[in-house]
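Some notes on the structure that comes next.
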Amino acid sequence: MLQHDHLFEWRTIEKNVLLGLEIQNKLTAETKEMALDMLKTYGLYKFKDARPSQLSGGMRQRAALIRTLVLKPEILLLDEPFSALDYQTRLTVGDDIGAIIKKEGKTAILVTHDLSEAVSLGSQVLVLSKRPATIKTVVDIEFPDHISALERRNSPEFKDYFNKIWKELNADE
């Protein structure tokens, strides 16, 4: 999943979600039903016949995630997937996508420059050095399973994790 959703305007949301299955010659009645079920589960089914321009940025990102998930990847790579969204939408969509990934039982690697996003969504944060990038340190993030990414931001541990990572990022300066 990239910074922009890369949904095609000439295709409906349903057709955009099915695109990867079509390309990989995996579009069957069963995989199409799975895609439609995901659209229902994640609140986009009533928009399946809409064009991408008719959806909000957050809805478009959910559609892009569903397009990825229907391919049943073992690992998801999320490259700054919320950077094109305004701050409020970014918080909500981050929470939604974090919950979807958790519900689907997927492992995700989130590339971000936003420390708050990393702490609120991650279970581990890898701090990279400057170029050439190497892993400088690994910070394990632990919150109770039942709290959302948004709720993590208000927990007392959040500030501690944030400050620890911030210190690591600025250790060389």
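Ordering of the structure tokens sets the chain letters (A, B, ...), residue numbers begin anew at 1 in every chain, and ligands are numbered from 1 in the order given.
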
Residue neighbourhood Leu44 of chain A, 10 Å, only C-alpha atoms, exclusion window fewer than 3 positions, as a PyMOL selection string: chain A and resi 13-14+36-41+47-50+55+59-60+62-63+66

Distance query Leu169 of chain A at most 8 Å, only C-alpha atoms, self and fewer than 2 positions along chain excluded, as a list in words: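 Using only C-alpha atoms, the neighbours found are Val127, Leu128, Ser129, Ile165, Trp166, Lys167, Ala171 and Asp172 of chain A.
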
Nearby residues (only C-alpha atoms) at most 7 Å from segment 144-149 of chain A, same-chain spacing under 2 positions excluded, as a list in words: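 Listed by chain and then number, they are Asp95, Ser120, Leu121, Glu142, Glu151, Arg152 and Arg153 of chain A.
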
Write a file of the just-selected residues containing C-alpha atoms, as a CSV table (one decimal), in the first residue's frame.
```
chain,number,residue,atom,x,y,z
A,95,ASP,CA,-7.0,3.5,13.5
A,120,SER,CA,0.3,4.2,18.1
A,121,LEU,CA,0.2,1.6,15.3
A,142,GLU,CA,3.5,-2.9,24.3
A,151,GLU,CA,-6.5,5.3,22.6
A,152,ARG,CA,-2.8,4.4,22.6
A,153,ARG,CA,-2.0,8.1,22.0
```

Give one line per residue of segment 17-81 of chain A that approaches segment 106-112 of chain A to at most 9 Å, naming the two atoms of the closest pair and their distance in Å to one decimal, counting only C-alpha atoms; sort by chain then ascending residue number and deliver it as CSV.
```
residue,atom,partner,partner_atom,distance
A:Leu69,CA,A:Lys106,CA,9.0
A:Pro73,CA,A:Lys106,CA,8.1
A:Glu74,CA,A:Lys106,CA,6.8
A:Ile75,CA,A:Thr107,CA,5.1
A:Leu76,CA,A:Ala108,CA,4.5
A:Leu77,CA,A:Ile109,CA,4.9
A:Leu78,CA,A:Leu110,CA,4.7
A:Asp79,CA,A:Val111,CA,4.8
A:Glu80,CA,A:Thr112,CA,5.2
A:Pro81,CA,A:Leu110,CA,8.2
```

Residues of segment 1-52 of chain A in alpha helix (DSSP H), written as a list of chain:residue names: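 So, restricting segment 1-52 of chain A to alpha helix (DSSP H), we get A:Ile13, A:Glu14, A:Lys15, A:Asn16, A:Val17, A:Leu18, A:Leu19, A:Gly20, A:Leu21, A:Glu22, A:Ile23, A:Ala29, A:Glu30, A:Thr31, A:Lys32, A:Glu33, A:Met34, A:Ala35, A:Leu36, A:Asp37, A:Met38, A:Leu39, A:Lys40, A:Thr41.
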
May I have the selected residues written with N, CA and C atoms, as a PDB file, in the first residue's frame?
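Everything below was put into out.pdb:
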```pdb
ATOM      1  N   ILE A  13     -15.298   1.125  -7.561  1.00  0.00           N
ATOM      2  CA  ILE A  13     -14.558   0.653  -6.389  1.00  0.00           C
ATOM      3  C   ILE A  13     -14.469  -0.872  -6.424  1.00  0.00           C
ATOM      4  N   GLU A  14     -15.562  -1.539  -6.755  1.00  0.00           N
ATOM      5  CA  GLU A  14     -15.524  -3.002  -6.852  1.00  0.00           C
ATOM      6  C   GLU A  14     -14.473  -3.446  -7.870  1.00  0.00           C
ATOM      7  N   LYS A  15     -14.479  -2.849  -9.041  1.00  0.00           N
ATOM      8  CA  LYS A  15     -13.526  -3.235 -10.096  1.00  0.00           C
ATOM      9  C   LYS A  15     -12.085  -2.911  -9.688  1.00  0.00           C
ATOM     10  N   ASN A  16     -11.884  -1.809  -8.954  1.00  0.00           N
ATOM     11  CA  ASN A  16     -10.555  -1.482  -8.450  1.00  0.00           C
ATOM     12  C   ASN A  16     -10.073  -2.526  -7.443  1.00  0.00           C
ATOM     13  N   VAL A  17     -10.971  -2.959  -6.573  1.00  0.00           N
ATOM     14  CA  VAL A  17     -10.630  -3.965  -5.567  1.00  0.00           C
ATOM     15  C   VAL A  17     -10.282  -5.298  -6.231  1.00  0.00           C
ATOM     16  N   LEU A  18     -10.915  -5.596  -7.345  1.00  0.00           N
ATOM     17  CA  LEU A  18     -10.687  -6.865  -8.042  1.00  0.00           C
ATOM     18  C   LEU A  18      -9.469  -6.839  -8.977  1.00  0.00           C
ATOM     19  N   LEU A  19      -8.886  -5.679  -9.169  1.00  0.00           N
ATOM     20  CA  LEU A  19      -7.815  -5.517 -10.152  1.00  0.00           C
ATOM     21  C   LEU A  19      -6.644  -6.482  -9.953  1.00  0.00           C
ATOM     22  N   GLY A  20      -6.133  -6.599  -8.755  1.00  0.00           N
ATOM     23  CA  GLY A  20      -4.998  -7.493  -8.502  1.00  0.00           C
ATOM     24  C   GLY A  20      -5.340  -8.936  -8.801  1.00  0.00           C
ATOM     25  N   LEU A  21      -6.563  -9.331  -8.457  1.00  0.00           N
ATOM     26  CA  LEU A  21      -7.006 -10.697  -8.753  1.00  0.00           C
ATOM     27  C   LEU A  21      -7.056 -10.928 -10.263  1.00  0.00           C
ATOM     28  N   GLU A  22      -7.521  -9.914 -11.007  1.00  0.00           N
ATOM     29  CA  GLU A  22      -7.567 -10.017 -12.467  1.00  0.00           C
ATOM     30  C   GLU A  22      -6.159 -10.165 -13.035  1.00  0.00           C
ATOM     31  N   ILE A  23      -5.243  -9.308 -12.575  1.00  0.00           N
ATOM     32  CA  ILE A  23      -3.874  -9.318 -13.094  1.00  0.00           C
ATOM     33  C   ILE A  23      -3.200 -10.657 -12.824  1.00  0.00           C
ATOM     34  N   ALA A  29     -15.276 -16.910  -8.813  1.00  0.00           N
ATOM     35  CA  ALA A  29     -16.496 -16.587  -8.064  1.00  0.00           C
ATOM     36  C   ALA A  29     -16.176 -16.512  -6.567  1.00  0.00           C
ATOM     37  N   GLU A  30     -15.306 -17.401  -6.114  1.00  0.00           N
ATOM     38  CA  GLU A  30     -14.944 -17.451  -4.693  1.00  0.00           C
ATOM     39  C   GLU A  30     -14.152 -16.216  -4.264  1.00  0.00           C
ATOM     40  N   THR A  31     -13.143 -15.814  -5.065  1.00  0.00           N
ATOM     41  CA  THR A  31     -12.337 -14.653  -4.689  1.00  0.00           C
ATOM     42  C   THR A  31     -13.145 -13.356  -4.830  1.00  0.00           C
ATOM     43  N   LYS A  32     -14.052 -13.324  -5.800  1.00  0.00           N
ATOM     44  CA  LYS A  32     -14.916 -12.143  -5.941  1.00  0.00           C
ATOM     45  C   LYS A  32     -15.837 -12.025  -4.730  1.00  0.00           C
ATOM     46  N   GLU A  33     -16.374 -13.136  -4.280  1.00  0.00           N
ATOM     47  CA  GLU A  33     -17.241 -13.138  -3.096  1.00  0.00           C
ATOM     48  C   GLU A  33     -16.461 -12.686  -1.863  1.00  0.00           C
ATOM     49  N   MET A  34     -15.215 -13.133  -1.760  1.00  0.00           N
ATOM     50  CA  MET A  34     -14.370 -12.713  -0.644  1.00  0.00           C
ATOM     51  C   MET A  34     -14.152 -11.191  -0.682  1.00  0.00           C
ATOM     52  N   ALA A  35     -13.907 -10.651  -1.856  1.00  0.00           N
ATOM     53  CA  ALA A  35     -13.708  -9.209  -2.005  1.00  0.00           C
ATOM     54  C   ALA A  35     -14.977  -8.448  -1.622  1.00  0.00           C
ATOM     55  N   LEU A  36     -16.122  -8.932  -2.066  1.00  0.00           N
ATOM     56  CA  LEU A  36     -17.391  -8.276  -1.726  1.00  0.00           C
ATOM     57  C   LEU A  36     -17.662  -8.361  -0.226  1.00  0.00           C
ATOM     58  N   ASP A  37     -17.317  -9.490   0.388  1.00  0.00           N
ATOM     59  CA  ASP A  37     -17.470  -9.630   1.841  1.00  0.00           C
ATOM     60  C   ASP A  37     -16.593  -8.621   2.577  1.00  0.00           C
ATOM     61  N   MET A  38     -15.376  -8.424   2.074  1.00  0.00           N
ATOM     62  CA  MET A  38     -14.484  -7.439   2.702  1.00  0.00           C
ATOM     63  C   MET A  38     -15.042  -6.026   2.542  1.00  0.00           C
ATOM     64  N   LEU A  39     -15.602  -5.733   1.380  1.00  0.00           N
ATOM     65  CA  LEU A  39     -16.229  -4.421   1.193  1.00  0.00           C
ATOM     66  C   LEU A  39     -17.357  -4.231   2.204  1.00  0.00           C
ATOM     67  N   LYS A  40     -18.129  -5.280   2.450  1.00  0.00           N
ATOM     68  CA  LYS A  40     -19.210  -5.203   3.449  1.00  0.00           C
ATOM     69  C   LYS A  40     -18.629  -5.018   4.845  1.00  0.00           C
ATOM     70  N   THR A  41     -17.672  -5.858   5.194  1.00  0.00           N
ATOM     71  CA  THR A  41     -17.081  -5.827   6.536  1.00  0.00           C
ATOM     72  C   THR A  41     -16.487  -4.466   6.859  1.00  0.00           C
TER      73      THR A  41
END
```

Nearest to Ile101 of chain A, chosen from A:Leu115, A:Thr134, A:Leu65, A:Asp5, with only C-alpha atoms counted in the distances: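 Closest to Ile101 of chain A of all the choices is A:Leu65.
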
One-decimal distance in Å that lies between atom CA of Asn163 of chain A and atom CA of Leu150 of chain A: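 Atom CA of Leu150 of chain A sits 18.0 Å away from atom CA of Asn163 of chain A.
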
Atomic separation - atom CA of Pro52 of chain A relative to atom CA of Gly122 of chain A, Å: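 For atom CA of Gly122 of chain A relative to atom CA of Pro52 of chain A, the distance reads 28.6 Å.
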
Fewer than 2 positions away in the same chain doesn't count, so skip those; otherwise give me all residues within 12 Å of Ser83 of chain A, counting only C-alpha atoms, as a compact mmCIF listing (two decimals) with C-alpha atoms, in the first residue's frame.
```txt
# COMPACT_ATOMS: atom_id res chain seq x y z
CA MET A 1 0.00 0.00 0.00
CA LEU A 2 1.54 3.25 -1.13
CA GLN A 3 1.24 6.94 -0.22
CA HIS A 4 -1.51 7.36 -2.77
CA ASP A 5 -4.26 4.82 -3.30
CA GLY A 57 -9.52 9.93 1.14
CA GLY A 58 -9.98 7.52 4.03
CA GLN A 61 -7.30 4.05 1.39
CA LEU A 78 2.64 0.17 3.97
CA ASP A 79 4.77 2.99 2.59
CA GLU A 80 3.58 6.24 4.17
CA PRO A 81 -0.04 5.25 3.43
CA LEU A 85 -4.53 12.68 4.23
CA ASP A 86 -5.33 15.63 6.49
CA TYR A 87 -4.46 15.17 10.16
CA GLN A 88 -7.93 14.22 11.47
CA THR A 89 -8.54 11.79 8.61
CA ARG A 90 -5.05 10.41 9.07
CA LEU A 91 -5.79 9.55 12.73
CA VAL A 93 -7.85 5.98 8.88
CA GLY A 94 -4.73 4.88 10.76
CA LEU A 110 4.77 0.49 8.11
CA VAL A 111 7.27 2.98 6.73
CA THR A 112 6.65 6.37 8.32
CA HIS A 113 8.42 9.52 9.45
CA ASP A 114 5.64 10.22 11.97
CA GLU A 117 1.94 7.08 14.05
```

Residue set, segment 29-128 of chain A restricted to strand (DSSP E), as a PyMOL selection string: chain A and resi 75-79+107-111+124-128

Option closest in space to Glu104 of chain A, from A:Ala118, A:Phe82, A:Val70, A:Lys136 [counting only C-alpha atoms]: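 That would be A:Val70, the residue with the smallest distance to Glu104 of chain A.
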
Close residues, Tyr161 of chain A itself excluded, 8 Å, only C-alpha atoms, min 3 positions apart in chain, as a list in words: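 Within the cut-off, the hits are Val119, Val139, Ile141, Glu157, Phe158, Lys164 and Ile165 of chain A.
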
Atom CA of Ala64 of chain A to atom CA of Gln24 of chain A, distance in Å rounded to a single decimal: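 Atom CA of Gln24 of chain A lies 16.4 Å from atom CA of Ala64 of chain A.
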